[in-house]
>>> print(open('coords26.txt').read())   # compact mmCIF, C-alpha atoms
# COMPACT_ATOMS: atom_id res chain seq x y z
CA MET E 1 113.45 83.00 89.63
CA GLY E 2 115.03 83.00 93.10
CA MET E 3 115.14 85.94 95.47
CA ASP E 4 118.67 86.86 94.31
CA GLY E 5 117.38 86.99 90.75
CA ASN E 6 114.44 89.16 91.78
CA PHE E 7 116.68 91.63 93.55
CA GLU E 8 119.18 91.67 90.69
CA GLN E 9 116.30 92.42 88.34
CA LEU E 10 115.14 95.17 90.71
CA LEU E 11 118.52 96.89 90.58
CA HIS E 12 118.50 96.87 86.79
CA GLU E 13 114.90 98.10 86.69
CA CYS E 14 115.80 100.96 89.01
CA LYS E 15 118.65 101.95 86.67
CA LEU E 16 116.25 101.81 83.74
CA TYR E 17 113.72 104.02 85.51
CA ARG E 18 116.44 106.57 86.30
CA ASP E 19 117.62 106.58 82.68
CA VAL E 20 114.08 106.99 81.35
CA ASN E 21 113.35 109.80 83.82
CA SER E 22 116.58 111.56 82.82
CA LEU E 23 115.70 111.34 79.14
CA ILE E 24 112.20 112.73 79.76
CA VAL E 25 113.51 115.65 81.81
CA ALA E 26 116.18 116.46 79.22
CA HIS E 27 113.66 116.22 76.38
CA LEU E 28 111.18 118.60 78.06
CA ARG E 29 113.91 121.05 79.06
CA ASP E 30 115.54 121.10 75.63
CA ASN E 31 112.16 121.82 74.05
CA ASN E 32 111.62 124.79 76.38
CA LEU E 33 108.90 123.03 78.38
CA ASN E 34 110.59 124.21 81.54
CA GLN E 35 107.63 124.01 83.89
CA ALA E 36 106.91 120.43 82.89
CA ALA E 37 110.61 119.56 83.11
CA SER E 38 110.81 120.99 86.63
CA ALA E 39 107.71 119.07 87.72
CA VAL E 40 109.02 115.74 86.40
CA ALA E 41 112.49 116.40 87.81
CA SER E 42 111.06 117.12 91.25
CA ALA E 43 108.65 114.16 91.22
CA THR E 44 111.32 111.67 90.12
CA MET E 45 114.29 113.19 92.02
CA THR E 46 116.12 113.75 88.73
CA PRO E 47 118.56 116.68 88.35
CA LEU E 48 117.03 119.36 86.14
CA ASN E 49 120.42 119.90 84.46
CA VAL E 50 120.86 116.24 83.58
CA GLU E 51 122.87 115.73 80.42
CA ALA E 52 121.57 113.75 77.43
CA PRO E 53 122.39 113.80 73.72
CA PRO E 54 120.05 116.01 71.67
CA LYS E 55 116.84 114.23 70.62
CA ARG E 56 117.99 111.05 72.37
CA LEU E 57 114.51 110.23 73.65
CA LEU E 58 112.95 110.69 70.21
CA ASP E 59 115.66 108.52 68.68
CA LEU E 60 115.07 105.67 71.12
CA VAL E 61 111.29 105.85 70.82
CA SER E 62 111.60 105.84 67.04
CA LYS E 63 113.80 102.74 67.15
CA GLY E 64 111.52 101.00 69.61
CA LEU E 65 108.45 101.62 67.49
CA ALA E 66 110.29 100.39 64.42
CA VAL E 67 111.23 97.16 66.17
CA GLU E 68 107.67 96.71 67.39
CA LYS E 69 106.48 96.98 63.77
CA GLY E 70 109.20 94.62 62.56
CA GLU E 71 110.98 97.32 60.58
CA PRO E 72 114.79 97.17 60.27
CA ILE E 73 116.89 99.73 62.13
CA LYS E 74 120.21 100.87 60.80
CA GLY E 75 122.98 99.42 62.94
CA VAL E 76 120.65 97.77 65.47
CA SER E 77 119.02 94.36 65.26
CA ALA E 78 115.59 93.66 66.68
CA SER E 79 117.00 90.67 68.53
CA THR E 80 119.44 92.96 70.34
CA LEU E 81 116.71 95.30 71.56
CA LEU E 82 114.18 92.61 72.44
CA ASP E 83 116.41 89.82 73.70
CA SER E 84 114.54 88.45 76.71
CA ASN E 85 117.81 87.41 78.33
CA SER E 86 119.14 90.96 78.32
CA THR E 87 118.36 92.66 81.64
CA VAL E 88 118.55 96.23 80.29
CA PRO E 89 118.55 97.43 76.67
CA ALA E 90 122.05 98.29 75.54
CA ALA E 91 120.90 101.77 74.60
CA TYR E 92 120.80 102.76 78.26
CA GLY E 93 124.44 102.00 78.86
CA ALA E 94 123.95 99.32 81.50
CA SER E 95 125.92 96.11 81.67
CA PRO E 96 124.62 93.01 83.45
CA ASP E 97 126.49 91.97 86.59
CA VAL E 98 128.11 88.60 86.88
CA LYS E 99 125.85 86.66 89.20
CA GLY E 100 127.42 86.12 92.61
CA SER E 101 130.25 88.60 92.13
CA SER E 102 130.41 91.77 94.23
CA LYS E 103 130.97 95.23 92.85
CA SER E 104 133.83 97.48 93.84
CA PHE E 105 133.01 100.59 95.82
CA THR E 106 134.90 103.51 94.36
CA GLU E 107 137.37 105.44 96.47
CA HIS E 108 135.85 108.36 98.40
CA GLU E 109 137.43 111.42 99.95
CA SER E 110 135.98 113.35 102.87
CA ARG E 111 136.23 116.87 104.19
CA HIS E 112 135.25 118.54 107.44
CA VAL E 113 132.77 121.16 106.22
CA SER E 114 131.37 122.62 109.42
CA GLU E 115 130.91 122.15 113.13
CA HIS E 116 127.96 122.60 115.44
CA LYS E 117 128.32 123.68 119.06
CA ASN E 118 127.05 120.30 120.23
CA VAL E 119 126.45 116.83 118.76
CA ALA E 120 125.51 116.81 115.06
CA ARG E 121 122.46 114.55 115.26
CA CYS E 122 120.90 114.27 111.79
CA ALA E 123 121.14 115.24 108.11
CA ARG E 124 118.97 115.29 105.00
CA PHE E 125 119.56 116.04 101.31
CA SER E 126 117.06 117.94 99.21
CA PRO E 127 115.34 115.79 96.55
CA ASP E 128 117.41 117.40 93.78
CA GLY E 129 120.66 116.91 95.71
CA ARG E 130 121.53 120.62 95.60
CA TYR E 131 121.31 121.15 99.36
CA VAL E 132 121.96 119.23 102.53
CA ALA E 133 120.84 120.25 106.02
CA THR E 134 122.10 119.15 109.42
CA GLY E 135 120.48 119.39 112.85
CA SER E 136 122.20 119.48 116.20
CA ALA E 137 121.77 119.04 119.92
CA ASP E 138 122.67 122.74 120.11
CA THR E 139 119.16 123.34 118.61
CA SER E 140 120.55 124.86 115.41
CA ILE E 141 120.04 123.80 111.78
CA LYS E 142 122.66 124.41 109.10
CA LEU E 143 121.87 124.48 105.40
CA PHE E 144 124.70 123.75 102.96
CA GLU E 145 124.90 124.26 99.22
CA VAL E 146 126.47 121.09 97.81
CA ALA E 147 128.15 122.92 94.90
CA LYS E 148 129.99 125.12 97.40
CA ILE E 149 131.09 122.09 99.41
CA LYS E 150 132.57 120.58 96.25
CA GLN E 151 134.28 123.86 95.45
CA MET E 152 135.67 123.88 98.98
CA MET E 153 137.14 120.42 98.39
CA LEU E 154 139.10 121.40 95.27
CA PRO E 155 142.90 121.22 95.67
CA GLU E 156 143.32 124.91 94.92
CA VAL E 157 140.51 127.24 95.88
CA ARG E 158 140.91 130.73 94.48
CA ASP E 159 139.12 133.95 95.39
CA GLY E 160 139.37 133.34 99.12
CA PRO E 161 137.75 130.76 101.43
CA VAL E 162 134.51 129.10 100.36
CA ARG E 163 131.68 129.15 102.90
CA PRO E 164 129.30 126.27 102.13
CA VAL E 165 126.86 127.09 104.97
CA ILE E 166 124.31 129.38 103.34
CA ARG E 167 121.70 129.50 106.14
CA THR E 168 121.63 128.84 109.87
CA PHE E 169 118.28 128.56 111.63
CA TYR E 170 117.64 128.98 115.36
CA ASP E 171 114.11 128.38 116.56
CA HIS E 172 114.03 125.21 118.65
CA ILE E 173 114.63 125.06 122.38
CA GLN E 174 115.66 121.39 122.50
CA PRO E 175 117.79 119.10 120.26
CA ILE E 176 116.88 118.48 116.61
CA ASN E 177 116.00 114.86 115.81
CA ASP E 178 115.24 114.84 112.08
CA LEU E 179 114.83 117.00 108.98
CA ASP E 180 113.13 116.85 105.60
CA PHE E 181 112.79 119.01 102.49
CA HIS E 182 109.51 119.83 100.80
CA PRO E 183 109.41 117.94 97.47
CA GLN E 184 108.64 121.06 95.39
CA ASN E 185 109.18 124.22 97.43
CA THR E 186 112.09 125.84 99.25
CA ILE E 187 110.85 124.65 102.63
CA LEU E 188 112.81 122.70 105.22
CA ILE E 189 111.08 121.09 108.21
CA SER E 190 112.58 119.94 111.49
CA GLY E 191 111.34 117.70 114.28
CA ALA E 192 112.72 118.17 117.78
CA LYS E 193 112.57 117.11 121.39
CA ASP E 194 110.59 120.27 122.18
CA HIS E 195 107.49 118.56 120.69
CA THR E 196 107.42 120.80 117.61
CA ILE E 197 107.74 120.57 113.85
CA LYS E 198 108.99 123.82 112.37
CA PHE E 199 108.86 125.13 108.80
CA PHE E 200 111.72 127.23 107.42
CA ASP E 201 111.72 129.05 104.07
CA PHE E 202 115.34 128.90 102.91
CA SER E 203 114.71 131.09 99.87
CA LYS E 204 114.80 134.08 102.22
CA THR E 205 118.39 134.98 102.99
CA THR E 206 117.64 136.81 106.23
CA ALA E 207 115.21 134.30 107.73
CA LYS E 208 116.49 132.75 110.94
CA ARG E 209 113.25 131.51 112.43
CA ALA E 210 110.35 129.31 111.38
CA PHE E 211 107.36 130.80 109.59
CA ARG E 212 105.03 127.98 110.68
CA VAL E 213 104.99 125.63 113.66
CA ILE E 214 103.13 122.41 114.41
CA GLN E 215 102.83 121.76 118.14
CA ASP E 216 102.75 118.01 118.74
CA THR E 217 102.02 116.24 122.01
CA HIS E 218 105.24 114.22 122.05
CA ASN E 219 108.95 114.35 121.35
CA VAL E 220 109.15 114.46 117.53
CA ARG E 221 111.75 111.88 116.62
CA SER E 222 111.30 111.70 112.83
CA VAL E 223 109.58 113.61 110.01
CA SER E 224 108.77 112.77 106.40
CA PHE E 225 106.97 114.76 103.68
CA HIS E 226 104.41 113.07 101.45
CA PRO E 227 105.62 113.26 97.80
CA SER E 228 102.78 115.70 97.06
CA GLY E 229 104.02 118.04 99.75
CA ASP E 230 100.49 118.37 101.18
CA TYR E 231 100.98 116.03 104.13
CA LEU E 232 103.73 115.06 106.51
CA LEU E 233 104.32 112.24 108.95
CA ALA E 234 105.74 112.57 112.42
CA GLY E 235 107.23 109.65 114.29
CA THR E 236 107.19 110.48 117.98
CA ASP E 237 107.41 108.97 121.44
CA HIS E 238 103.81 107.93 120.77
CA SER E 239 103.63 104.46 119.21
CA ILE E 240 101.35 105.54 116.32
CA PRO E 241 102.55 107.82 113.48
CA HIS E 242 100.98 111.28 113.43
CA LEU E 243 99.76 112.33 109.97
CA TYR E 244 99.39 116.09 109.42
CA ASP E 245 97.65 118.05 106.70
CA ILE E 246 100.10 120.94 106.26
CA ASN E 247 97.36 123.29 105.05
CA THR E 248 95.08 122.83 108.07
CA PHE E 249 97.57 121.35 110.59
CA LYS E 250 94.88 118.78 111.40
CA CYS E 251 96.37 115.58 112.84
CA TYR E 252 95.10 112.13 111.85
CA LEU E 253 95.75 108.82 113.58
CA THR E 254 95.14 105.32 112.26
CA ALA E 255 91.65 103.92 112.65
CA ASN E 256 92.92 100.52 113.85
CA ALA E 257 95.23 101.77 116.60
CA ASP E 258 93.83 99.29 119.13
CA ASP E 259 94.66 96.34 116.86
CA ILE E 260 98.31 97.21 116.30
CA ALA E 261 99.69 96.23 119.72
CA ALA E 262 102.32 98.95 119.44
CA ASN E 263 103.57 100.46 122.66
CA ALA E 264 107.00 101.83 121.77
CA ALA E 265 108.34 105.10 120.43
CA ILE E 266 109.02 105.45 116.71
CA ASN E 267 112.66 106.04 115.80
CA GLN E 268 112.06 106.70 112.10
CA VAL E 269 109.20 107.13 109.65
CA ARG E 270 109.57 107.35 105.87
CA TYR E 271 107.15 107.60 102.94
CA SER E 272 107.54 105.50 99.82
CA SER E 273 108.35 107.36 96.61
CA THR E 274 104.68 107.38 95.56
CA GLY E 275 103.21 108.07 99.00
CA GLY E 276 101.14 104.91 98.75
CA MET E 277 102.84 103.46 101.83
CA TYR E 278 104.98 104.49 104.74
CA VAL E 279 107.19 102.55 107.10
CA THR E 280 108.14 102.94 110.76
CA ALA E 281 111.07 101.61 112.79
CA SER E 282 110.30 101.41 116.50
CA LYS E 283 112.04 101.00 119.82
CA ASP E 284 110.33 97.63 120.32
CA GLY E 285 112.39 96.23 117.43
CA ALA E 286 109.43 96.09 115.04
CA VAL E 287 109.17 97.45 111.53
CA ARG E 288 105.62 98.33 110.49
CA LEU E 289 104.21 99.01 107.06
CA TRP E 290 101.26 101.41 106.76
CA ASP E 291 98.78 102.16 104.00
CA GLY E 292 99.33 105.72 102.80
CA VAL E 293 95.62 106.36 102.17
CA SER E 294 93.80 104.64 105.03
CA ALA E 295 96.70 105.06 107.52
CA LYS E 296 96.14 101.46 108.62
CA CYS E 297 98.99 99.19 109.62
CA VAL E 298 99.00 96.56 106.88
CA ARG E 299 102.08 94.54 107.79
CA LEU E 300 103.97 93.95 111.03
CA LEU E 301 107.54 92.69 111.00
CA ASN E 302 107.54 91.80 114.67
CA GLY E 303 111.02 91.33 116.11
CA ALA E 304 112.61 92.59 112.92
CA HIS E 305 115.55 93.52 115.13
CA GLY E 306 116.66 92.10 118.45
CA GLY E 307 117.16 95.57 119.89
CA GLU E 308 115.62 98.81 118.77
CA ALA E 309 114.83 99.20 115.08
CA THR E 310 116.59 102.50 114.40
CA SER E 311 115.93 103.18 110.72
CA ALA E 312 113.75 101.96 107.85
CA ASN E 313 113.30 103.21 104.31
CA PHE E 314 112.00 102.01 100.96
CA THR E 315 113.80 101.21 97.76
CA LYS E 316 112.87 103.66 95.01
CA ASP E 317 110.35 101.28 93.48
CA HIS E 318 108.91 100.57 97.00
CA ARG E 319 109.24 96.79 96.61
CA PHE E 320 111.74 96.41 99.46
CA ILE E 321 112.48 97.98 102.85
CA LEU E 322 115.97 98.43 104.28
CA SER E 323 116.08 98.43 108.08
CA CYS E 324 118.76 98.84 110.72
CA GLY E 325 118.77 98.01 114.41
CA LYS E 326 120.76 98.10 117.63
CA ASP E 327 121.28 94.34 117.26
CA SER E 328 124.10 95.19 114.81
CA THR E 329 122.20 93.99 111.76
CA VAL E 330 121.02 95.61 108.57
CA LYS E 331 118.19 93.78 106.79
CA LEU E 332 116.32 93.91 103.50
CA TRP E 333 112.64 92.91 103.52
CA GLU E 334 110.24 92.20 100.67
CA VAL E 335 107.21 94.46 101.01
CA GLY E 336 104.76 92.12 99.31
CA THR E 337 105.45 89.11 101.52
CA GLY E 338 107.29 90.44 104.58
CA ARG E 339 110.09 87.95 103.91
CA LEU E 340 113.68 88.66 104.93
CA VAL E 341 115.59 88.86 101.65
CA LYS E 342 119.11 89.82 102.69
CA GLN E 343 121.05 90.41 105.87
CA TYR E 344 124.16 92.60 105.99
CA VAL E 345 126.44 91.80 108.91
CA GLY E 346 129.84 92.81 110.19
CA ALA E 347 129.12 96.32 111.48
CA MET E 348 128.60 96.67 115.21
CA HIS E 349 126.06 99.29 116.29
CA SER E 350 124.28 98.94 119.61
CA HIS E 351 124.48 102.39 121.18
CA LEU E 352 123.63 105.18 118.74
CA ARG E 353 120.46 105.60 116.64
CA CYS E 354 122.33 104.26 113.63
CA GLN E 355 121.18 104.56 110.02
CA ALA E 356 121.53 102.18 107.09
CA VAL E 357 121.19 103.85 103.70
CA PHE E 358 121.35 102.97 100.03
CA SER E 359 123.78 104.59 97.65
CA PHE E 360 121.98 106.67 95.03
CA THR E 361 122.08 103.77 92.54
CA GLU E 362 120.93 101.31 95.22
CA GLU E 363 123.91 99.10 94.35
CA PHE E 364 125.51 99.60 97.78
CA ILE E 365 124.39 99.86 101.39
CA LEU E 366 126.21 101.95 103.99
CA SER E 367 126.09 101.83 107.78
CA ILE E 368 128.33 102.44 110.79
CA ASP E 369 130.63 100.23 112.85
CA GLU E 370 130.71 102.01 116.21
CA PRO E 371 133.63 100.21 117.98
CA ARG E 372 135.92 100.55 114.96
CA ASN E 373 134.71 104.05 114.07
CA GLU E 374 134.23 103.06 110.44
CA ILE E 375 131.65 103.36 107.70
CA VAL E 376 130.93 99.91 106.31
CA VAL E 377 129.80 99.34 102.71
CA TRP E 378 128.09 96.20 101.38
CA ASP E 379 127.14 95.11 97.89
CA ALA E 380 123.34 95.29 98.01
CA LEU E 381 122.87 92.22 95.82
CA THR E 382 125.44 89.80 97.25
CA ALA E 383 125.44 91.17 100.84
CA ALA E 384 129.25 90.98 100.77
CA GLU E 385 131.22 93.63 102.62
CA VAL E 386 133.14 95.55 99.96
CA ALA E 387 134.67 98.52 101.80
CA ARG E 388 135.45 100.07 105.15
CA LEU E 389 136.08 103.79 105.41
CA ARG E 390 137.71 105.43 108.42
CA SER E 391 135.11 107.92 109.57
CA ASN E 392 137.66 110.64 110.43
CA HIS E 393 135.33 111.66 113.26
CA ILE E 394 136.45 111.66 116.88
CA GLY E 395 134.22 108.84 118.02
CA PRO E 396 131.77 107.06 115.69
CA PRO E 397 129.39 109.09 113.53
CA ARG E 398 125.78 108.89 114.66
CA TRP E 399 124.15 109.57 111.27
CA ILE E 400 124.89 109.07 107.58
CA GLU E 401 122.77 110.34 104.71
CA HIS E 402 123.41 109.62 101.03
CA SER E 403 122.81 112.01 98.15
CA PRO E 404 119.83 111.00 95.96
CA ILE E 405 121.61 111.94 92.72
CA GLU E 406 125.34 111.18 92.97
CA ALA E 407 128.12 109.25 94.73
CA ALA E 408 128.27 111.50 97.79
CA PHE E 409 127.10 111.34 101.39
CA VAL E 410 127.27 113.18 104.70
CA SER E 411 128.28 111.93 108.13
CA CYS E 412 127.37 113.64 111.41
CA GLY E 413 129.35 113.05 114.56
CA THR E 414 129.16 113.10 118.33
CA ASP E 415 132.30 115.21 117.90
CA ARG E 416 129.96 117.97 116.62
CA SER E 417 131.43 117.87 113.13
CA VAL E 418 129.83 117.43 109.70
CA ARG E 419 131.84 115.67 107.01
CA PHE E 420 131.07 115.49 103.30
CA TRP E 421 132.15 112.43 101.33
CA LYS E 422 132.39 112.21 97.56
CA GLU E 423 133.70 109.85 94.95
CA VAL E 424 137.30 110.44 93.87
CA LEU E 425 137.17 111.10 90.15
>>> encode(input="coords26.txt", output="structure tokens")
Amino acid sequence: MGMDGNFEQLLHECKLYRDVNSLIVAHLRDNNLNQAASAVASATMTPLNVEAPPKRLLDLVSKGLAVEKGEPIKGVSASTLLDSNSTVPAAYGASPDVKGSSKSFTEHESRHVSEHKNVARCARFSPDGRYVATGSADTSIKLFEVAKIKQMMLPEVRDGPVRPVIRTFYDHIQPINDLDFHPQNTILISGAKDHTIKFFDFSKTTAKRAFRVIQDTHNVRSVSFHPSGDYLLAGTDHSIPHLYDINTFKCYLTANADDIAANAAINQVRYSSTGGMYVTASKDGAVRLWDGVSAKCVRLLNGAHGGEATSANFTKDHRFILSCGKDSTVKLWEVGTGRLVKQYVGAMHSHLRCQAVFSFTEEFILSIDEPRNEIVVWDALTAAEVARLRSNHIGPPRWIEHSPIEAAFVSCGTDRSVRFWKEVL
């Protein structure tokens, strides 16, 4: 099977994993196993309130076991369920794509939801998609409740104006560079130019300041929680990622630092979904893959980008890495081999620390065209450009962040504004 076939299979496998996770969460919740349902929902980034027909998981397992034993199933043939040419069982509601054809990106609407006092520099959704936070050059952090943003966007809003900002934090003395949510708890962390990582408990309505602080030795450019929530990574002006134990605040560096030949600041660091690996995008244009246990650099994509590598993140099954650079390219790399799989071109970005992100289904990739002040969308499989959205910012947005659970994303602008985008239903 060629690389296109592998990636097409990946997309279908990712859909299957999401469907299975949704069925498990719904099954546990509907059987009053709420603690287990919450744990699975958090670990798999599945909404706890996901909808599924009653006893759907039991029904599918029963049918699968019957087929495995060669027993007939009413209304379903064994050949239908086990057809090796079918990419996803029909029970999960997926339809195979026509090879070589690009998908249509649904129409999106956007709304100005808030404004910082200076450049809006970064954004991050919570793993369950219920919250999104933004950080600014004005040193503030705003926390939004997504449900209130959606209510704000309704044609007719009754009962007065809706205020989607539910918390505002002030505790940094220099601009915010990056944010992340704890995978299980109501904790938001921020990394800033003041060399600190700060911890905010957003369950407390009156809290304005951090309850814990990590003092780093460098400008903290990027932060990422380990899926367990016990560790975090900091990408800084130092060329090696800083790994922190959040219980002891002890900092660990890789044992093979001298062998890495890295001498440039890290623009972004991100864990894989299992925590088994992490990836860095650096100012020297390189993308580096690190072992999540030993903290050793295990793969170097030297010259991944002609300019700075500005972002890098994993697909949900951690088989591929999506990277973006100031050379106006967005690239998809195979983790196992380091091979360039796809290249997404047509969006110019050479000035800002631009992001490239997957849609929540990983069917589309979004990035920014700075000169045209547009958000560009590609089909992830075919690499064809399928949409251009006017950003509605004054000047190009400097950051986009997609929801992990639905067709919605946020853009942050040099015009200080935050815009929320969602699919038009």
>>> atom_distance(input="coords26.txt", atom1="atom CA of His116 of chain E", atom2="atom CA of Gly191 of chain E")
17.4 Å
>>> residues_near_point(input="coords26.txt", point="(106.9, 92.6, 110.8)", cutoff="10 Å", atoms="only C-alpha atoms", output="VMD selection string")
chain E and resid 285 to 289 298 to 305 333 335 338 to 340
>>> residues_near_point(input="coords26.txt", point="(122.5, 121.5, 100.5)", cutoff="12 Å", atoms="only C-alpha atoms", output="mmCIF file with C-alpha atoms, keeping the file's coordinate frame")
data_model
loop_
_atom_site.group_PDB
_atom_site.id
_atom_site.type_symbol
_atom_site.label_atom_id
_atom_site.label_comp_id
_atom_site.auth_asym_id
_atom_site.auth_seq_id
_atom_site.Cartn_x
_atom_site.Cartn_y
_atom_site.Cartn_z
ATOM 1 C CA VAL E 113 132.770 121.160 106.220
ATOM 2 C CA ALA E 123 121.140 115.240 108.110
ATOM 3 C CA ARG E 124 118.970 115.290 105.000
ATOM 4 C CA PHE E 125 119.560 116.040 101.310
ATOM 5 C CA SER E 126 117.060 117.940 99.210
ATOM 6 C CA PRO E 127 115.340 115.790 96.550
ATOM 7 C CA ASP E 128 117.410 117.400 93.780
ATOM 8 C CA GLY E 129 120.660 116.910 95.710
ATOM 9 C CA ARG E 130 121.530 120.620 95.600
ATOM 10 C CA TYR E 131 121.310 121.150 99.360
ATOM 11 C CA VAL E 132 121.960 119.230 102.530
ATOM 12 C CA ALA E 133 120.840 120.250 106.020
ATOM 13 C CA THR E 134 122.100 119.150 109.420
ATOM 14 C CA ILE E 141 120.040 123.800 111.780
ATOM 15 C CA LYS E 142 122.660 124.410 109.100
ATOM 16 C CA LEU E 143 121.870 124.480 105.400
ATOM 17 C CA PHE E 144 124.700 123.750 102.960
ATOM 18 C CA GLU E 145 124.900 124.260 99.220
ATOM 19 C CA VAL E 146 126.470 121.090 97.810
ATOM 20 C CA ALA E 147 128.150 122.920 94.900
ATOM 21 C CA LYS E 148 129.990 125.120 97.400
ATOM 22 C CA ILE E 149 131.090 122.090 99.410
ATOM 23 C CA LYS E 150 132.570 120.580 96.250
ATOM 24 C CA PRO E 164 129.300 126.270 102.130
ATOM 25 C CA VAL E 165 126.860 127.090 104.970
ATOM 26 C CA ILE E 166 124.310 129.380 103.340
ATOM 27 C CA ARG E 167 121.700 129.500 106.140
ATOM 28 C CA THR E 168 121.630 128.840 109.870
ATOM 29 C CA ASP E 180 113.130 116.850 105.600
ATOM 30 C CA PHE E 181 112.790 119.010 102.490
ATOM 31 C CA THR E 186 112.090 125.840 99.250
ATOM 32 C CA LEU E 188 112.810 122.700 105.220
ATOM 33 C CA PHE E 202 115.340 128.900 102.910
ATOM 34 C CA GLU E 401 122.770 110.340 104.710
ATOM 35 C CA HIS E 402 123.410 109.620 101.030
ATOM 36 C CA SER E 403 122.810 112.010 98.150
ATOM 37 C CA PRO E 404 119.830 111.000 95.960
ATOM 38 C CA ALA E 408 128.270 111.500 97.790
ATOM 39 C CA PHE E 409 127.100 111.340 101.390
ATOM 40 C CA VAL E 410 127.270 113.180 104.700
ATOM 41 C CA PHE E 420 131.070 115.490 103.300
#
>>> atom_distance(input="coords26.txt", atom1="atom CA of Asn21 of chain E", atom2="atom CA of Phe358 of chain E")
19.3 Å
>>> closest_residue(input="coords26.txt", among="E:Thr106, E:Thr329, E:Thr206, E:Ser417", to="Arg388 of chain E", atoms="only C-alpha atoms")
E:Thr106
>>> atom_distance(input="coords26.txt", atom1="atom CA of Ala312 of chain E", atom2="atom CA of Arg270 of chain E")
7.1 Å
>>> closest_residue(input="coords26.txt", among="E:Asn392, E:Ser328, E:Thr196, E:Ser323", to="Val341 of chain E", atoms="only C-alpha atoms")
E:Ser323
>>> residues_around(input="coords26.txt", residues="Leu58 of chain E", least_positions_apart="4", cutoff="10 Å", atoms="only C-alpha atoms", output="PyMOL selection string")
chain E and resi 23-24+27+54+62-64
>>> closest_residue(input="coords26.txt", among="E:Leu332, E:Met348, E:Ala43, E:Ser294", to="Thr274 of chain E", atoms="all atoms listed in the file")
E:Ala43
>>> closest_residue(input="coords26.txt", among="E:Cys324, E:Val279, E:Ile368, E:Leu60", to="Ser411 of chain E", atoms="only C-alpha atoms")
E:Ile368
>>> closest_residue(input="coords26.txt", among="E:Asp415, E:Glu115, E:Asp284, E:Asp216", to="Ser239 of chain E", atoms="only C-alpha atoms")
E:Asp284
>>> residues_around(input="coords26.txt", residues="Glu385 of chain E", least_positions_apart="4", cutoff="10 Å", atoms="all atoms listed in the file", output="number ranges by chain")
E: 102-105, 344-347, 364-366, 376-380
>>> closest_residue(input="coords26.txt", among="E:His108, E:Phe211, E:His351, E:Lys422", to="Pro396 of chain E", atoms="all atoms listed in the file")
E:His351
